[in-house]
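Student: This is the content of entry_22.cif (mmCIF, C-alpha atoms and all ligand atoms):
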```
data_upload
loop_
_atom_site.label_atom_id
_atom_site.label_comp_id
_atom_site.auth_asym_id
_atom_site.auth_seq_id
_atom_site.Cartn_x
_atom_site.Cartn_y
_atom_site.Cartn_z
CA MET A 1 7.99 -3.51 -21.49
CA LYS A 2 5.39 -2.14 -19.06
CA PRO A 3 6.67 -1.17 -15.59
CA ASN A 4 5.31 -3.49 -12.92
CA PHE A 5 3.84 -1.63 -9.93
CA LEU A 6 2.57 -2.82 -6.57
CA VAL A 7 0.06 -0.67 -4.71
CA THR A 8 -0.27 -2.11 -1.22
CA TYR A 9 -2.32 -0.97 1.74
CA ALA A 10 -3.19 -1.52 5.40
CA SER A 11 -6.80 -0.85 6.34
CA ASN A 12 -9.04 -1.42 9.34
CA THR A 13 -12.45 -0.57 7.97
CA GLY A 14 -11.96 -0.47 4.20
CA TRP A 15 -11.64 3.20 3.21
CA THR A 16 -7.96 2.87 2.35
CA VAL A 17 -8.78 0.06 -0.09
CA GLY A 18 -10.65 2.54 -2.27
CA VAL A 19 -7.73 4.95 -2.22
CA ALA A 20 -5.34 2.16 -3.23
CA GLU A 21 -7.66 1.02 -6.03
CA ALA A 22 -7.93 4.58 -7.37
CA ILE A 23 -4.12 4.92 -7.42
CA GLY A 24 -3.81 1.53 -9.12
CA LYS A 25 -6.42 2.47 -11.74
CA THR A 26 -4.56 5.70 -12.59
CA LEU A 27 -1.23 3.90 -12.89
CA ALA A 28 -2.80 1.24 -15.13
CA GLU A 29 -4.45 3.90 -17.32
CA ASN A 30 -0.98 5.39 -17.78
CA GLY A 31 0.56 2.16 -19.04
CA ALA A 32 1.77 0.28 -15.96
CA LYS A 33 1.03 -3.31 -15.00
CA VAL A 34 -0.41 -2.99 -11.47
CA ASP A 35 -1.24 -5.29 -8.57
CA VAL A 36 -3.35 -3.78 -5.75
CA LEU A 37 -2.98 -5.97 -2.65
CA PRO A 38 -3.35 -5.80 1.13
CA MET A 39 0.06 -5.79 2.82
CA ARG A 40 -0.65 -9.07 4.57
CA ALA A 41 -0.92 -10.77 1.16
CA VAL A 42 2.47 -9.53 -0.06
CA LYS A 43 5.41 -11.86 0.50
CA ASP A 44 7.83 -10.94 -2.25
CA LEU A 45 8.60 -7.55 -3.80
CA SER A 46 11.09 -8.88 -6.36
CA PRO A 47 8.59 -8.89 -9.29
CA TYR A 48 8.00 -5.14 -8.92
CA ASP A 49 9.78 -2.11 -10.35
CA ALA A 50 8.11 0.23 -7.84
CA VAL A 51 5.91 0.05 -4.75
CA VAL A 52 3.27 2.48 -3.48
CA ALA A 53 2.53 1.70 0.18
CA GLY A 54 -0.11 3.38 2.30
CA SER A 55 -1.99 2.95 5.55
CA ALA A 56 -4.98 4.16 7.44
CA VAL A 57 -3.91 6.46 10.30
CA ASN A 58 -4.85 5.56 13.85
CA GLY A 59 -3.75 7.75 16.78
CA GLY A 60 -1.37 9.68 14.53
CA ALA A 61 0.45 6.61 13.27
CA TRP A 62 0.29 4.02 10.50
CA LEU A 63 -1.35 0.73 11.46
CA PRO A 64 1.10 -1.77 13.05
CA GLU A 65 0.75 -4.03 10.01
CA ALA A 66 2.04 -1.21 7.77
CA VAL A 67 4.98 -0.38 10.02
CA GLN A 68 5.87 -4.07 10.07
CA PHE A 69 5.61 -4.25 6.26
CA VAL A 70 8.04 -1.36 5.76
CA ARG A 71 10.48 -2.78 8.33
CA ALA A 72 10.34 -6.26 6.80
CA HIS A 73 10.95 -4.98 3.25
CA GLN A 74 13.19 -2.02 4.06
CA ALA A 75 16.14 -3.09 1.95
CA GLU A 76 14.08 -3.73 -1.18
CA LEU A 77 12.03 -0.55 -0.73
CA LYS A 78 15.23 1.50 -0.60
CA ARG A 79 16.10 0.20 -4.05
C1 LIG B 101 -9.58 4.80 16.74
C2 LIG B 101 -9.31 5.68 15.52
C3 LIG B 101 -8.22 6.55 15.53
C4 LIG B 101 -7.96 7.39 14.44
N1 LIG B 101 -6.88 8.24 14.48
C5 LIG B 101 -6.66 9.08 13.42
C6 LIG B 101 -5.56 9.99 13.44
O1 LIG B 101 -4.79 10.06 14.39
N2 LIG B 101 -5.39 10.80 12.37
C7 LIG B 101 -6.23 10.78 11.29
O2 LIG B 101 -6.05 11.57 10.35
N3 LIG B 101 -7.26 9.90 11.24
C8 LIG B 101 -7.49 9.07 12.27
N4 LIG B 101 -8.55 8.18 12.23
C9 LIG B 101 -9.37 8.15 11.03
C10 LIG B 101 -8.97 6.97 10.11
O3 LIG B 101 -7.60 7.05 9.77
C11 LIG B 101 -9.80 7.10 8.84
O4 LIG B 101 -11.16 6.90 9.18
C12 LIG B 101 -9.36 6.14 7.78
O5 LIG B 101 -10.00 6.49 6.57
C13 LIG B 101 -9.70 4.70 8.12
O6 LIG B 101 -9.18 3.92 7.09
P1 LIG B 101 -9.60 2.39 6.90
O7 LIG B 101 -11.09 2.37 6.66
O8 LIG B 101 -8.85 1.96 5.67
O9 LIG B 101 -9.21 1.64 8.11
C14 LIG B 101 -8.81 7.35 13.31
C15 LIG B 101 -9.90 6.46 13.30
C16 LIG B 101 -10.14 5.63 14.38
C17 LIG B 101 -11.33 4.68 14.36
#
```
Before anything else, please render the file you have as structure tokens.

Tutor:
Amino acid sequence: MKPNFLVTYASNTGWTVGVAEAIGKTLAENGAKVDVLPMRAVKDLSPYDAVVAGSAVNGGAWLPEAVQFVRAHQAELKR
């Protein structure tokens, strides 16, 4: 069975979306099932075997939405 990947991103002005889509395309070309979604649209990580999470950087830090995403899903991301 194909591994099920989530590539999820936080973006202010859209550049990070393209990065996420490029990562998702490469994973799909290598045999994974892939969803590419903004973090605000992700409620449940249980369908996924692995998660790639990334954020635009603002003032040396991830966007607040991305920090919140990692905190909210910390236990599942550790697995
Ligand atoms: C107010 C502001 C602060 C930024 N701070 C940083 C920073 O500290 N480090 C960095 O590498 N890039 C910084 N950037 C650049 C953005 O991270 C970069 O343009 C990024 O591609 C934006 O992604 P997005 O279009 O997905 O929001 C900053 C941009 C803005 C507008």

Student: At a cut-off of 10 Å and counting all atoms listed in the file, what residues surround ligand LIG 101 (chain B)? Please answer as number ranges by chain.

Tutor: A: 9-20, 54-63

Student: Nearest residue to A:Gln68 out of A:Leu45, A:Met1, A:Val52, A:Met39, using all atoms listed in the file?

Tutor: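 Once distances to A:Gln68 are computed over all atoms listed in the file, the minimum belongs to A:Met39.
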
Student: What lies within 6 Å of stretch 32-37 of chain A using only C-alpha atoms, ignoring chain neighbours under 2 positions off, as a list of chain:residue names?

Tutor: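 Contacts, with the query itself left out: A:Lys2, A:Pro3, A:Asn4, A:Phe5, A:Leu6, A:Val7, A:Thr8, A:Leu27, A:Ala28.
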
Student: Quick one, how far is atom CA of A:Ala66 from atom CA of A:Arg79?

Tutor: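 Interatomic distance here is 18.4 Å.
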
Student: Please measure the separation of atom CA of A:Phe69 and atom CA of A:Ile23, giving the value in Å to one decimal.

Tutor: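 One can read the atom CA of A:Phe69 to atom CA of A:Ile23 distance as 19.1 Å.
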
Student: Provide the atom CA of A:Ala22 to atom CA of A:Ala41 distance in Å, to one decimal place.

Tutor: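 So the answer is 18.9 Å.
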
Student: Counting all atoms listed in the file, write as a list of chain:residue names all protein and nucleic acid residues lying at most 12 Å from (12.4, 0.7, 0.8) in the file's frame.

Tutor: A:Leu45, A:Asp49, A:Ala50, A:Val51, A:Val52, A:Ala53, A:Val67, A:Phe69, A:Val70, A:Arg71, A:Ala72, A:His73, A:Gln74, A:Ala75, A:Glu76, A:Leu77, A:Lys78, A:Arg79

Student: Starting from the incomplete input, reconstruct N, CA and C atoms of stretch 2-28 of chain A and report them as a PDB file, keeping the file's coordinate frame.

Tutor:
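The result, written out as part28.pdb:
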```pdb
ATOM      1  N   LYS A   2       6.113  -2.943 -20.056  1.00  0.00           N
ATOM      2  CA  LYS A   2       5.390  -2.140 -19.060  1.00  0.00           C
ATOM      3  C   LYS A   2       6.078  -2.209 -17.703  1.00  0.00           C
ATOM      4  N   PRO A   3       6.196  -1.083 -16.974  1.00  0.00           N
ATOM      5  CA  PRO A   3       6.670  -1.170 -15.590  1.00  0.00           C
ATOM      6  C   PRO A   3       5.651  -1.905 -14.727  1.00  0.00           C
ATOM      7  N   ASN A   4       6.170  -2.666 -13.785  1.00  0.00           N
ATOM      8  CA  ASN A   4       5.310  -3.490 -12.920  1.00  0.00           C
ATOM      9  C   ASN A   4       5.218  -2.844 -11.542  1.00  0.00           C
ATOM     10  N   PHE A   5       4.036  -2.347 -11.188  1.00  0.00           N
ATOM     11  CA  PHE A   5       3.840  -1.630  -9.930  1.00  0.00           C
ATOM     12  C   PHE A   5       3.053  -2.479  -8.938  1.00  0.00           C
ATOM     13  N   LEU A   6       3.406  -2.314  -7.670  1.00  0.00           N
ATOM     14  CA  LEU A   6       2.570  -2.820  -6.570  1.00  0.00           C
ATOM     15  C   LEU A   6       2.005  -1.635  -5.804  1.00  0.00           C
ATOM     16  N   VAL A   7       0.689  -1.614  -5.628  1.00  0.00           N
ATOM     17  CA  VAL A   7       0.060  -0.670  -4.710  1.00  0.00           C
ATOM     18  C   VAL A   7      -0.456  -1.510  -3.544  1.00  0.00           C
ATOM     19  N   THR A   8       0.075  -1.251  -2.356  1.00  0.00           N
ATOM     20  CA  THR A   8      -0.270  -2.110  -1.220  1.00  0.00           C
ATOM     21  C   THR A   8      -0.721  -1.253  -0.033  1.00  0.00           C
ATOM     22  N   TYR A   9      -1.662  -1.789   0.732  1.00  0.00           N
ATOM     23  CA  TYR A   9      -2.320  -0.970   1.740  1.00  0.00           C
ATOM     24  C   TYR A   9      -2.571  -1.748   3.027  1.00  0.00           C
ATOM     25  N   ALA A  10      -2.706  -0.984   4.115  1.00  0.00           N
ATOM     26  CA  ALA A  10      -3.190  -1.520   5.400  1.00  0.00           C
ATOM     27  C   ALA A  10      -4.454  -0.749   5.762  1.00  0.00           C
ATOM     28  N   SER A  11      -5.492  -1.468   6.107  1.00  0.00           N
ATOM     29  CA  SER A  11      -6.800  -0.850   6.340  1.00  0.00           C
ATOM     30  C   SER A  11      -7.514  -1.564   7.473  1.00  0.00           C
ATOM     31  N   ASN A  12      -8.201  -0.795   8.318  1.00  0.00           N
ATOM     32  CA  ASN A  12      -9.040  -1.420   9.340  1.00  0.00           C
ATOM     33  C   ASN A  12     -10.466  -1.595   8.864  1.00  0.00           C
ATOM     34  N   THR A  13     -11.022  -0.535   8.282  1.00  0.00           N
ATOM     35  CA  THR A  13     -12.450  -0.570   7.970  1.00  0.00           C
ATOM     36  C   THR A  13     -12.766  -0.401   6.490  1.00  0.00           C
ATOM     37  N   GLY A  14     -11.729  -0.376   5.641  1.00  0.00           N
ATOM     38  CA  GLY A  14     -11.960  -0.470   4.200  1.00  0.00           C
ATOM     39  C   GLY A  14     -11.797   0.796   3.385  1.00  0.00           C
ATOM     40  N   TRP A  15     -11.739   1.981   4.013  1.00  0.00           N
ATOM     41  CA  TRP A  15     -11.640   3.200   3.210  1.00  0.00           C
ATOM     42  C   TRP A  15     -10.338   3.264   2.426  1.00  0.00           C
ATOM     43  N   THR A  16      -9.267   2.792   3.002  1.00  0.00           N
ATOM     44  CA  THR A  16      -7.960   2.870   2.350  1.00  0.00           C
ATOM     45  C   THR A  16      -7.892   1.958   1.115  1.00  0.00           C
ATOM     46  N   VAL A  17      -8.734   0.948   1.087  1.00  0.00           N
ATOM     47  CA  VAL A  17      -8.780   0.060  -0.090  1.00  0.00           C
ATOM     48  C   VAL A  17      -9.181   0.865  -1.316  1.00  0.00           C
ATOM     49  N   GLY A  18     -10.188   1.723  -1.144  1.00  0.00           N
ATOM     50  CA  GLY A  18     -10.650   2.540  -2.270  1.00  0.00           C
ATOM     51  C   GLY A  18      -9.587   3.496  -2.768  1.00  0.00           C
ATOM     52  N   VAL A  19      -8.815   4.047  -1.833  1.00  0.00           N
ATOM     53  CA  VAL A  19      -7.730   4.950  -2.220  1.00  0.00           C
ATOM     54  C   VAL A  19      -6.688   4.166  -3.035  1.00  0.00           C
ATOM     55  N   ALA A  20      -6.335   2.989  -2.533  1.00  0.00           N
ATOM     56  CA  ALA A  20      -5.340   2.160  -3.230  1.00  0.00           C
ATOM     57  C   ALA A  20      -5.846   1.768  -4.621  1.00  0.00           C
ATOM     58  N   GLU A  21      -7.115   1.417  -4.721  1.00  0.00           N
ATOM     59  CA  GLU A  21      -7.660   1.020  -6.030  1.00  0.00           C
ATOM     60  C   GLU A  21      -7.662   2.197  -7.002  1.00  0.00           C
ATOM     61  N   ALA A  22      -7.944   3.391  -6.503  1.00  0.00           N
ATOM     62  CA  ALA A  22      -7.930   4.580  -7.370  1.00  0.00           C
ATOM     63  C   ALA A  22      -6.508   4.862  -7.878  1.00  0.00           C
ATOM     64  N   ILE A  23      -5.520   4.723  -7.000  1.00  0.00           N
ATOM     65  CA  ILE A  23      -4.120   4.920  -7.420  1.00  0.00           C
ATOM     66  C   ILE A  23      -3.744   3.869  -8.455  1.00  0.00           C
ATOM     67  N   GLY A  24      -4.125   2.616  -8.186  1.00  0.00           N
ATOM     68  CA  GLY A  24      -3.810   1.530  -9.120  1.00  0.00           C
ATOM     69  C   GLY A  24      -4.459   1.752 -10.485  1.00  0.00           C
ATOM     70  N   LYS A  25      -5.700   2.218 -10.487  1.00  0.00           N
ATOM     71  CA  LYS A  25      -6.420   2.470 -11.740  1.00  0.00           C
ATOM     72  C   LYS A  25      -5.692   3.550 -12.560  1.00  0.00           C
ATOM     73  N   THR A  26      -5.258   4.611 -11.885  1.00  0.00           N
ATOM     74  CA  THR A  26      -4.560   5.700 -12.590  1.00  0.00           C
ATOM     75  C   THR A  26      -3.236   5.215 -13.166  1.00  0.00           C
ATOM     76  N   LEU A  27      -2.498   4.432 -12.382  1.00  0.00           N
ATOM     77  CA  LEU A  27      -1.230   3.900 -12.890  1.00  0.00           C
ATOM     78  C   LEU A  27      -1.465   2.993 -14.099  1.00  0.00           C
ATOM     79  N   ALA A  28      -2.496   2.149 -14.016  1.00  0.00           N
ATOM     80  CA  ALA A  28      -2.800   1.240 -15.130  1.00  0.00           C
ATOM     81  C   ALA A  28      -3.234   2.016 -16.372  1.00  0.00           C
TER      82      ALA A  28
END
```
